[in-house]
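> I am sharing coords-v9.csv, which consists of CSV, C-alpha atoms and all ligand atoms:
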chain,number,residue,atom,x,y,z
L,1,MET,CA,-108.8,-76.6,-10.6
L,2,PHE,CA,-108.9,-80.0,-12.3
L,3,PHE,CA,-106.8,-82.0,-14.7
L,4,LYS,CA,-107.8,-82.7,-18.3
L,5,THR,CA,-106.0,-84.9,-20.8
L,6,ILE,CA,-105.5,-82.9,-24.0
L,7,ASP,CA,-104.3,-84.7,-27.1
L,8,PHE,CA,-102.1,-82.2,-28.8
L,9,SER,CA,-102.0,-84.2,-32.0
L,10,LYS,CA,-105.7,-83.1,-32.3
L,11,TYR,CA,-105.9,-79.9,-30.2
L,12,SER,CA,-102.9,-78.0,-31.5
L,13,SER,CA,-103.3,-76.3,-34.9
L,14,ILE,CA,-100.2,-78.0,-36.3
L,15,LYS,CA,-101.5,-81.4,-35.1
L,16,VAL,CA,-98.2,-82.4,-33.4
L,17,GLY,CA,-98.0,-83.8,-29.9
L,18,GLN,CA,-99.4,-86.5,-27.6
L,19,PRO,CA,-102.1,-86.8,-24.9
L,20,THR,CA,-100.9,-84.6,-22.0
L,21,GLU,CA,-102.3,-83.8,-18.6
L,22,VAL,CA,-103.2,-80.1,-18.5
L,23,LEU,CA,-104.3,-78.3,-15.3
L,24,MET,CA,-107.5,-76.4,-15.9
L,25,ILE,CA,-107.8,-73.2,-13.9
L,26,GLU,CA,-111.2,-72.0,-12.7
L,27,LYS,CA,-112.2,-68.6,-11.6
L,28,LYS,CA,-112.0,-69.3,-7.9
L,29,ASP,CA,-108.4,-70.7,-8.1
L,30,THR,CA,-105.1,-69.1,-7.3
L,31,ILE,CA,-103.1,-69.4,-10.5
L,32,PRO,CA,-99.9,-71.5,-10.0
L,33,HIS,CA,-96.6,-70.0,-11.0
L,34,ASP,CA,-94.8,-73.2,-11.9
L,35,ARG,CA,-96.8,-74.2,-15.0
L,36,TYR,CA,-96.7,-72.9,-18.6
L,37,LEU,CA,-100.1,-71.4,-19.7
L,38,ILE,CA,-101.4,-72.3,-23.1
L,39,GLY,CA,-104.4,-70.9,-24.9
L,40,GLY,CA,-105.8,-72.4,-28.1
L,41,ALA,CA,-102.3,-73.9,-29.1
L,42,ASN,CA,-102.3,-72.1,-32.5
L,43,ASN,CA,-98.8,-70.9,-32.1
L,44,LEU,CA,-97.3,-73.8,-30.3
L,45,LEU,CA,-95.1,-76.8,-31.1
L,46,ILE,CA,-95.3,-79.4,-28.3
L,47,SER,CA,-92.3,-81.7,-27.7
L,48,PRO,CA,-92.6,-85.2,-26.3
L,49,THR,CA,-91.5,-83.7,-23.0
L,50,PRO,CA,-93.3,-80.4,-22.5
L,51,PRO,CA,-93.1,-78.4,-19.2
L,52,PRO,CA,-96.1,-78.8,-16.9
L,53,LEU,CA,-99.0,-77.1,-18.6
L,54,MET,CA,-102.1,-75.2,-17.5
L,55,MET,CA,-105.1,-73.6,-19.3
L,56,LEU,CA,-107.8,-71.2,-18.4
L,57,SER,CA,-111.2,-73.0,-18.1
L,58,LYS,CA,-114.4,-71.8,-19.7
L,59,ASP,CA,-114.9,-69.5,-16.6
L,60,PHE,CA,-112.6,-67.1,-18.5
L,61,ALA,CA,-114.6,-67.4,-21.8
L,62,PHE,CA,-116.9,-64.4,-21.4
L,63,ILE,CA,-117.7,-61.1,-23.0
L,64,LYS,CA,-119.6,-58.3,-21.4
L,65,GLU,CA,-120.2,-54.5,-21.8
L,66,GLU,CA,-119.6,-52.1,-18.9
L,67,ASP,CA,-119.5,-48.3,-18.9
L,68,GLY,CA,-118.6,-48.0,-22.5
L,69,TYR,CA,-116.0,-50.8,-22.4
L,70,LEU,CA,-116.0,-54.3,-23.7
L,71,ILE,CA,-114.6,-56.7,-21.1
L,72,ILE,CA,-113.4,-60.0,-22.6
L,73,GLY,CA,-112.2,-63.1,-20.8
L,74,ALA,CA,-108.8,-64.4,-21.9
L,75,ALA,CA,-110.1,-67.8,-22.8
L,76,MET,CA,-112.5,-66.3,-25.3
L,77,PRO,CA,-111.9,-67.7,-28.8
L,78,THR,CA,-111.2,-65.0,-31.4
L,79,GLY,CA,-114.0,-66.2,-33.7
L,80,ARG,CA,-116.6,-65.6,-31.0
L,81,ILE,CA,-115.2,-62.1,-30.4
L,82,VAL,CA,-115.5,-61.2,-34.1
L,83,SER,CA,-119.1,-62.6,-34.1
L,84,TYR,CA,-120.0,-60.5,-31.1
L,85,ALA,CA,-118.5,-57.3,-32.6
L,86,LYS,CA,-120.3,-57.9,-35.9
L,87,LYS,CA,-123.7,-58.6,-34.1
L,88,ASN,CA,-123.3,-55.5,-31.9
L,89,ASP,CA,-121.9,-53.2,-34.6
L,90,ILE,CA,-118.5,-52.7,-32.8
L,91,SER,CA,-115.4,-51.6,-34.6
L,92,GLY,CA,-111.8,-52.7,-34.3
L,93,PHE,CA,-111.9,-56.5,-34.1
L,94,GLU,CA,-112.4,-57.2,-37.8
L,95,PHE,CA,-108.7,-58.3,-38.1
L,96,CYS,CA,-109.2,-61.1,-35.6
L,97,SER,CA,-111.2,-63.0,-38.1
L,98,LYS,CA,-109.3,-66.1,-39.3
L,99,LEU,CA,-106.6,-65.4,-36.7
L,100,PRO,CA,-107.1,-68.5,-34.7
L,101,GLY,CA,-106.7,-68.5,-31.0
L,102,THR,CA,-107.9,-67.1,-27.7
L,103,LEU,CA,-107.8,-63.5,-26.5
L,104,GLY,CA,-105.0,-64.5,-24.0
L,105,GLY,CA,-102.8,-65.8,-26.9
L,106,MET,CA,-103.5,-62.7,-28.9
L,107,LEU,CA,-102.4,-60.4,-26.0
L,108,ALA,CA,-99.3,-62.4,-25.3
L,109,MET,CA,-98.2,-62.4,-29.0
L,110,ASN,CA,-99.6,-58.9,-29.8
L,111,ALA,CA,-101.1,-60.9,-32.6
L,112,GLY,CA,-102.1,-59.0,-35.8
L,113,VAL,CA,-102.5,-58.7,-39.5
L,114,LYS,CA,-100.5,-56.1,-41.4
L,115,THR,CA,-100.9,-52.8,-39.4
L,116,TYR,CA,-103.8,-54.1,-37.3
L,117,GLU,CA,-102.5,-55.5,-33.9
L,118,ILE,CA,-104.5,-56.2,-30.7
L,119,PHE,CA,-102.5,-53.6,-28.7
L,120,ASN,CA,-103.8,-50.9,-31.1
L,121,ILE,CA,-107.3,-51.3,-29.8
L,122,LEU,CA,-106.5,-52.4,-26.2
L,123,HIS,CA,-107.3,-50.3,-23.2
L,124,SER,CA,-106.0,-52.5,-20.3
L,125,ILE,CA,-105.3,-56.1,-19.3
L,126,LYS,CA,-105.9,-57.8,-15.9
L,127,ILE,CA,-102.6,-59.5,-15.2
L,128,ASN,CA,-102.1,-61.6,-12.1
L,129,GLY,CA,-105.3,-59.9,-10.7
L,130,GLU,CA,-104.3,-56.3,-11.4
L,131,TRP,CA,-105.5,-54.0,-14.2
L,132,ILE,CA,-102.6,-52.6,-16.2
L,133,LEU,CA,-103.0,-50.0,-18.9
L,134,ALA,CA,-101.9,-51.1,-22.4
L,135,LYS,CA,-99.5,-48.1,-22.6
L,136,ASP,CA,-97.7,-49.3,-19.6
L,137,ILE,CA,-97.0,-52.8,-21.1
L,138,ALA,CA,-93.9,-53.1,-23.3
L,139,HIS,CA,-95.0,-54.5,-26.7
L,140,GLY,CA,-94.0,-54.6,-30.3
L,141,TYR,CA,-94.1,-56.8,-33.4
L,142,ARG,CA,-95.5,-60.2,-32.2
L,143,PHE,CA,-94.6,-59.7,-28.5
L,144,ALA,CA,-95.9,-58.2,-25.4
L,145,THR,CA,-94.2,-58.4,-22.0
L,146,LEU,CA,-97.1,-59.4,-19.8
L,147,ASN,CA,-95.1,-60.7,-16.9
L,148,GLY,CA,-97.9,-62.9,-15.8
L,149,ILE,CA,-101.2,-64.4,-16.7
L,150,ALA,CA,-103.8,-62.3,-18.5
L,151,THR,CA,-107.3,-63.2,-17.3
L,152,GLU,CA,-109.4,-60.5,-19.0
L,153,ALA,CA,-108.9,-57.3,-21.1
L,154,LYS,CA,-110.8,-54.1,-21.7
L,155,PHE,CA,-111.5,-52.4,-25.0
L,156,LYS,CA,-113.2,-49.0,-25.5
L,157,ILE,CA,-116.4,-49.6,-27.4
L,158,ILE,CA,-116.3,-47.8,-30.8
L,159,LYS,CA,-119.4,-48.3,-32.9
L,160,GLY,CA,-119.3,-49.3,-36.6
L,161,PHE,CA,-118.3,-52.9,-37.6
L,162,ASP,CA,-116.4,-52.5,-40.9
L,163,ALA,CA,-117.6,-55.3,-43.2
L,164,GLN,CA,-115.4,-54.1,-46.0
L,165,ARG,CA,-112.3,-54.2,-43.9
L,166,LEU,CA,-113.2,-57.7,-42.8
L,167,GLU,CA,-113.6,-58.7,-46.5
L,168,ALA,CA,-110.2,-57.2,-47.4
L,169,LEU,CA,-108.5,-59.0,-44.5
L,170,LEU,CA,-110.1,-62.3,-45.4
L,171,ASN,CA,-108.8,-61.9,-49.0
L,172,LEU,CA,-105.3,-61.5,-47.6
L,173,ARG,CA,-105.6,-64.9,-46.1
L,174,SER,CA,-106.4,-66.6,-49.3
L,175,ASN,CA,-102.7,-67.3,-50.1
L,176,GLN,CA,-102.2,-69.3,-46.9
L,177,PRO,CA,-101.7,-73.0,-47.0
L,178,HIS,CA,-104.6,-75.2,-46.0
L,179,GLU,CA,-102.7,-77.9,-44.2
L,180,PRO,CA,-102.3,-77.8,-40.4
L,181,SER,CA,-99.7,-75.3,-39.3
L,182,ALA,CA,-99.0,-72.9,-36.4
L,183,GLY,CA,-99.1,-69.8,-38.6
L,184,SER,CA,-95.7,-68.1,-39.4
L,185,ALA,CA,-92.9,-70.1,-38.0
L,186,PHE,CA,-90.5,-67.2,-37.8
L,187,LYS,CA,-90.9,-63.5,-37.1
L,188,ASN,CA,-90.1,-61.3,-40.1
L,189,PRO,CA,-86.7,-59.7,-39.6
L,190,LYS,CA,-86.6,-55.9,-39.8
L,191,ASP,CA,-87.2,-54.7,-43.4
L,192,ASP,CA,-87.4,-58.2,-44.8
L,193,TYR,CA,-89.6,-61.3,-44.8
L,194,ALA,CA,-88.7,-64.7,-43.3
L,195,GLY,CA,-90.5,-66.4,-46.2
L,196,ARG,CA,-88.3,-64.6,-48.7
L,197,LEU,CA,-85.2,-65.7,-46.9
L,198,ILE,CA,-86.4,-69.3,-46.8
L,199,GLU,CA,-87.0,-69.1,-50.6
L,200,GLU,CA,-83.6,-67.5,-51.1
L,201,ILE,CA,-81.7,-70.3,-49.4
L,202,GLY,CA,-83.7,-72.8,-51.5
L,203,LEU,CA,-85.6,-74.5,-48.7
L,204,LYS,CA,-89.2,-73.6,-49.7
L,205,GLY,CA,-91.0,-76.8,-50.2
L,206,LEU,CA,-88.4,-78.9,-48.3
L,207,ARG,CA,-89.9,-81.9,-46.6
L,208,LYS,CA,-88.7,-84.1,-43.7
L,209,GLY,CA,-91.1,-87.0,-42.9
L,210,ASP,CA,-94.5,-85.4,-43.0
L,211,MET,CA,-93.4,-81.9,-42.1
L,212,GLN,CA,-92.7,-79.4,-44.9
L,213,TRP,CA,-91.8,-75.8,-45.5
L,214,SER,CA,-95.0,-75.0,-47.4
L,215,ASP,CA,-94.6,-74.5,-51.2
L,216,VAL,CA,-97.5,-72.0,-51.0
L,217,HIS,CA,-96.1,-69.8,-48.2
L,218,ALA,CA,-92.4,-70.5,-47.3
L,219,ASN,CA,-92.7,-69.4,-43.7
L,220,PHE,CA,-95.5,-71.8,-42.9
L,221,LEU,CA,-94.3,-75.2,-41.5
L,222,VAL,CA,-97.1,-77.5,-42.5
L,223,ASN,CA,-98.0,-81.0,-41.3
L,224,LEU,CA,-98.9,-83.2,-44.3
L,225,GLU,CA,-100.4,-85.9,-42.1
L,226,ASN,CA,-98.3,-87.6,-39.4
L,227,GLY,CA,-95.6,-85.0,-38.9
L,228,THR,CA,-93.5,-85.3,-35.7
L,229,PHE,CA,-91.9,-82.8,-33.3
L,230,GLU,CA,-88.5,-84.1,-34.3
L,231,ASP,CA,-89.1,-83.5,-38.0
L,232,ALA,CA,-90.5,-80.0,-37.3
L,233,LYS,CA,-87.5,-79.1,-35.1
L,234,TYR,CA,-85.1,-80.4,-37.7
L,235,LEU,CA,-86.6,-78.1,-40.4
L,236,ILE,CA,-86.7,-75.1,-38.1
L,237,ASP,CA,-83.0,-75.6,-37.0
L,238,LEU,CA,-81.9,-76.1,-40.6
L,239,VAL,CA,-83.5,-72.9,-41.8
L,240,LYS,CA,-82.0,-70.9,-38.9
L,241,GLU,CA,-78.6,-72.3,-39.6
L,242,LYS,CA,-78.6,-71.7,-43.3
L,243,VAL,CA,-80.2,-68.3,-43.2
L,244,LEU,CA,-77.5,-67.2,-40.7
L,245,LYS,CA,-74.7,-68.7,-42.7
L,246,GLU,CA,-75.9,-67.6,-46.2
L,247,CYS,CA,-77.7,-64.3,-45.5
L,248,GLY,CA,-76.2,-63.2,-42.2
L,249,VAL,CA,-79.6,-62.9,-40.6
L,250,THR,CA,-80.6,-64.5,-37.2
L,251,LEU,CA,-84.2,-65.6,-37.5
L,252,LEU,CA,-86.3,-65.7,-34.4
L,253,GLU,CA,-89.1,-68.2,-33.9
L,254,GLU,CA,-92.6,-66.8,-33.7
L,255,ILE,CA,-93.8,-70.3,-32.9
L,256,LYS,CA,-93.3,-71.3,-29.2
L,257,ILE,CA,-91.5,-74.6,-28.8
L,258,LEU,CA,-92.4,-76.3,-25.6
N,1,LIG,C1,-103.3,-70.7,-39.9
N,1,LIG,C2,-102.8,-69.8,-38.9
N,1,LIG,C3,-102.7,-68.4,-39.3
N,1,LIG,C4,-102.1,-67.5,-38.3
N,1,LIG,N1,-102.0,-66.2,-38.7
N,1,LIG,C5,-101.5,-65.3,-37.8
N,1,LIG,C6,-101.4,-63.9,-38.2
N,1,LIG,O1,-101.8,-63.5,-39.3
N,1,LIG,N2,-101.0,-63.0,-37.3
N,1,LIG,C7,-100.6,-63.4,-36.0
N,1,LIG,O2,-100.3,-62.6,-35.2
N,1,LIG,N3,-100.7,-64.7,-35.6
N,1,LIG,C8,-101.2,-65.7,-36.5
N,1,LIG,N4,-101.2,-67.0,-36.2
N,1,LIG,C9,-100.8,-67.4,-34.8
N,1,LIG,C10,-101.9,-67.4,-33.8
N,1,LIG,O3,-103.2,-67.3,-34.4
N,1,LIG,C11,-101.7,-66.3,-32.7
N,1,LIG,O4,-100.4,-66.3,-32.2
N,1,LIG,C12,-102.8,-66.5,-31.6
N,1,LIG,O5,-102.8,-65.3,-30.9
N,1,LIG,C13,-102.4,-67.6,-30.7
N,1,LIG,O6,-103.5,-67.7,-29.7
N,1,LIG,P1,-103.6,-69.1,-28.8
N,1,LIG,O7,-104.7,-68.8,-27.9
N,1,LIG,O8,-103.7,-70.2,-29.7
N,1,LIG,O9,-102.2,-69.1,-28.0
N,1,LIG,P2,-101.2,-70.3,-27.8
N,1,LIG,O10,-100.7,-70.7,-29.1
N,1,LIG,O11,-101.9,-71.3,-26.9
N,1,LIG,O12,-100.1,-69.5,-26.9
N,1,LIG,C14,-99.3,-68.5,-27.5
N,1,LIG,C15,-98.6,-67.8,-26.4
N,1,LIG,O13,-99.5,-67.0,-25.7
N,1,LIG,C16,-99.4,-67.3,-24.3
N,1,LIG,N5,-100.7,-67.1,-23.6
N,1,LIG,C17,-101.8,-67.7,-24.0
N,1,LIG,N6,-102.8,-67.3,-23.2
N,1,LIG,C18,-102.3,-66.4,-22.3
N,1,LIG,C19,-102.8,-65.7,-21.2
N,1,LIG,N7,-104.1,-65.7,-20.8
N,1,LIG,N8,-101.9,-64.9,-20.5
N,1,LIG,C20,-100.6,-64.8,-20.8
N,1,LIG,N9,-100.1,-65.5,-21.8
N,1,LIG,C21,-100.9,-66.3,-22.6
N,1,LIG,C22,-98.8,-68.7,-24.2
N,1,LIG,O14,-98.1,-68.9,-23.0
N,1,LIG,C23,-97.9,-68.7,-25.4
N,1,LIG,O15,-96.6,-68.1,-25.1
N,1,LIG,C24,-101.8,-67.9,-37.1
N,1,LIG,C25,-101.9,-69.3,-36.7
N,1,LIG,C26,-102.4,-70.2,-37.6
N,1,LIG,C27,-102.6,-71.6,-37.2
Would you kindly transcribe this structure into structure tokens?
Ligand SMILES: Cc1cc2nc3c(=O)[nH]c(=O)nc-3n(C[C@H](O)[C@H](O)[C@H](O)COP(=O)(O)OP(=O)(O)OC[C@H]3O[C@@H](n4cnc5c(N)ncnc54)[C@H](O)[C@@H]3O)c2cc1C

Amino acid sequence: MFFKTIDFSKYSSIKVGQPTEVLMIEKKDTIPHDRYLIGGANNLLISPTPPPLMMLSKDFAFIKEEDGYLIIGAAMPTGRIVSYAKKNDISGFEFCSKLPGTLGGMLAMNAGVKTYEIFNILHSIKINGEWILAKDIAHGYRFATLNGIATEAKFKIIKGFDAQRLEALLNLRSNQPHEPSAGSAFKNPKDDYAGRLIEEIGLKGLRKGDMQWSDVHANFLVNLENGTFEDAKYLIDLVKEKVLKECGVTLLEEIKIL
């Protein structure tokens, strides 16, 4: 293992944070238990005082085929997984296109688009060195209880990359803001949309410093240029408070605040 300084104002998708020492884990290492693991930082908001961080090194960025299964390392970026699936005519990964991150982040978040979620196509995950079947892992809308560090995962190979599905999913993305963000800030409450609630309480488009509730998609907290953690946190807390008071709904963050 070795330390690497990562500047989260550049590395994180929302472009908030500061240069921070991150412990890089290599294949030969025993993974420490006292550090928070990050992936591609596409769903994170880093505070000025984050917990000690670690990240899987490129040793975990692999993809291979074995006995009819695709075995993918947790540090593999989603874009490279989709390219591999396309090139090798493999079905199921089309929805990962334009869903930024690494496989590890997708597994931990049960990331997905509409009805497509990573757990739908997952066979098993190697967690803390042990293979566990997907059906034995508690999971649901934007969560999975991994209880540890995922280092690789297995998917049954089904032939037939669906270019039309890919196209349809890409079109769905066309209404997303172009400014830096961490995707949806809140999970959608049951039978409703967080974005609709933010509009209802009149905070769509609200700006504090350089952070703003997007006027394109209300549930996206966007960084207009030099947005800070404090401004982002202020806007998140304000929405939670007002939505609870005015709509009686407790919004839960999808974004992880560290
Ligand atoms: C523009 C934009 C659009 C987005 N659209 C969507 C969308 O449509 N649907 C959706 O689901 N998400 C969406 N997201 C969120 C993001 O793409 C996903 O949550 C993605 O899976 C995050 O992956 P990551 O590697 O960046 O994880 P990170 O953000 O680094 O981490 C997320 C969580 O995963 C955990 N984690 C990471 N790696 C591992 C591992 N190996 N083992 C155990 N835990 C791990 C971390 O501890 C953390 O809790 C969007 C984000 C952006 C910026």
> For a cut-off of 7 Å around (-98.1, -73.4, -50.6), file coordinates, pick out all residues using only C-alpha atoms and list them as a VMD selection string.
chain L and resid 176 to 177 214 to 217
> When distances are computed from all atoms listed in the file, which of L:Met55, L:Val16, L:Ala144, L:Ile46 shows the smallest separation from Asn223 in chain L?
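Among L:Met55, L:Val16, L:Ala144, L:Ile46, it is L:Val16 that comes nearest to Asn223 in chain L.
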> Closest to ligand LIG 1 (chain N) among L:Gly17, L:Pro51, L:Pro180, L:Gly68, using only C-alpha atoms and all ligand atoms?
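Once distances to ligand LIG 1 (chain N) are computed over only C-alpha atoms and all ligand atoms, the minimum belongs to L:Pro180.
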> Can you list, as a PyMOL selection string, every protein, DNA or RNA residue that comes within 12 Å of Leu235 in chain L when you count all atoms listed in the file, leaving out same-chain residues fewer than 2 positions away?
chain L and resi 185-186+198+203-214+218-223+227-233+237-242
> Go through L:Ile125, L:Ile149, L:Val22, L:Val113 one by one, measure the shortest atom-to-atom distance of each to Ala168 in chain L using all atoms listed in the file, and give the residue with the smallest value.
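Among the listed residues, L:Val113 lies closest to Ala168 in chain L.
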> Measuring atom to atom with all atoms listed in the file, identify which of L:Glu179, L:Glu200, L:Asp192, L:Asp162 is nearest to ligand LIG 1 (chain N).
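So, comparing all the options, the nearest one is L:Glu179.
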> I'd like the contact shell of range 82-87 of chain L - 7 Å cut-off, all atoms listed in the file, skipping same-chain residues fewer than 5 positions apart - returned as a list of chain:residue names.
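The neighbour list is L:Phe93, L:Glu94, L:Cys96, L:Ser97, L:Phe161.
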> I'd like to know which of L:Ala74, L:Lys98, L:Phe3, L:Ile132 is closest to Pro52 in chain L, using only C-alpha atoms.
L:Phe3
> What is the atom O11 of ligand LIG 1 (chain N)-CA of Asn43 in chain L distance in Å, reported with one decimal?
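Atom-to-atom, atom O11 of ligand LIG 1 (chain N) and CA of Asn43 in chain L are spaced 6.1 Å apart.
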> At a cut-off of 9 Å, using all atoms listed in the file, what residues contact Thr250 in chain L? Leave out same-chain residues fewer than 2 positions from it and give the result as a PyMOL selection string.
chain L and resi 189+240-241+243-244+247-248+252
> Return the single residue from L:Tyr193, L:Tyr141, L:Tyr69, L:Phe155 that is closest to ligand LIG 1 (chain N), with distances computed using all atoms listed in the file.
L:Tyr141
> Could you tell me how far CA of Gly129 in chain L sits from CA of Pro50 in chain L, in Å to one decimal place?
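Separation between CA of Pro50 in chain L and CA of Gly129 in chain L: 26.5 Å.
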> Name the residues in contact with Pro100 in chain L at a cut-off of 10 Å, using only C-alpha atoms, excluding same-chain residues fewer than 4 positions from it; report them as a PDB file with C-alpha atoms, keeping the file's coordinate frame.

ATOM      1  CA  SER L  13    -103.300 -76.300 -34.900  1.00  0.00           C
ATOM      2  CA  GLY L  40    -105.800 -72.400 -28.100  1.00  0.00           C
ATOM      3  CA  ALA L  41    -102.300 -73.900 -29.100  1.00  0.00           C
ATOM      4  CA  ASN L  42    -102.300 -72.100 -32.500  1.00  0.00           C
ATOM      5  CA  ASN L  43     -98.800 -70.900 -32.100  1.00  0.00           C
ATOM      6  CA  PRO L  77    -111.900 -67.700 -28.800  1.00  0.00           C
ATOM      7  CA  THR L  78    -111.200 -65.000 -31.400  1.00  0.00           C
ATOM      8  CA  GLY L  79    -114.000 -66.200 -33.700  1.00  0.00           C
ATOM      9  CA  CYS L  96    -109.200 -61.100 -35.600  1.00  0.00           C
ATOM     10  CA  GLY L 105    -102.800 -65.800 -26.900  1.00  0.00           C
ATOM     11  CA  MET L 106    -103.500 -62.700 -28.900  1.00  0.00           C
ATOM     12  CA  ALA L 111    -101.100 -60.900 -32.600  1.00  0.00           C
ATOM     13  CA  ALA L 182     -99.000 -72.900 -36.400  1.00  0.00           C
ATOM     14  CA  GLY L 183     -99.100 -69.800 -38.600  1.00  0.00           C
TER      15      GLY L 183
END
> In Å, with one decimal, what is the gap from CA of Lys156 in chain L to atom C27 of ligand LIG 1 (chain N)?
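Between CA of Lys156 in chain L and atom C27 of ligand LIG 1 (chain N) the gap is 27.6 Å.
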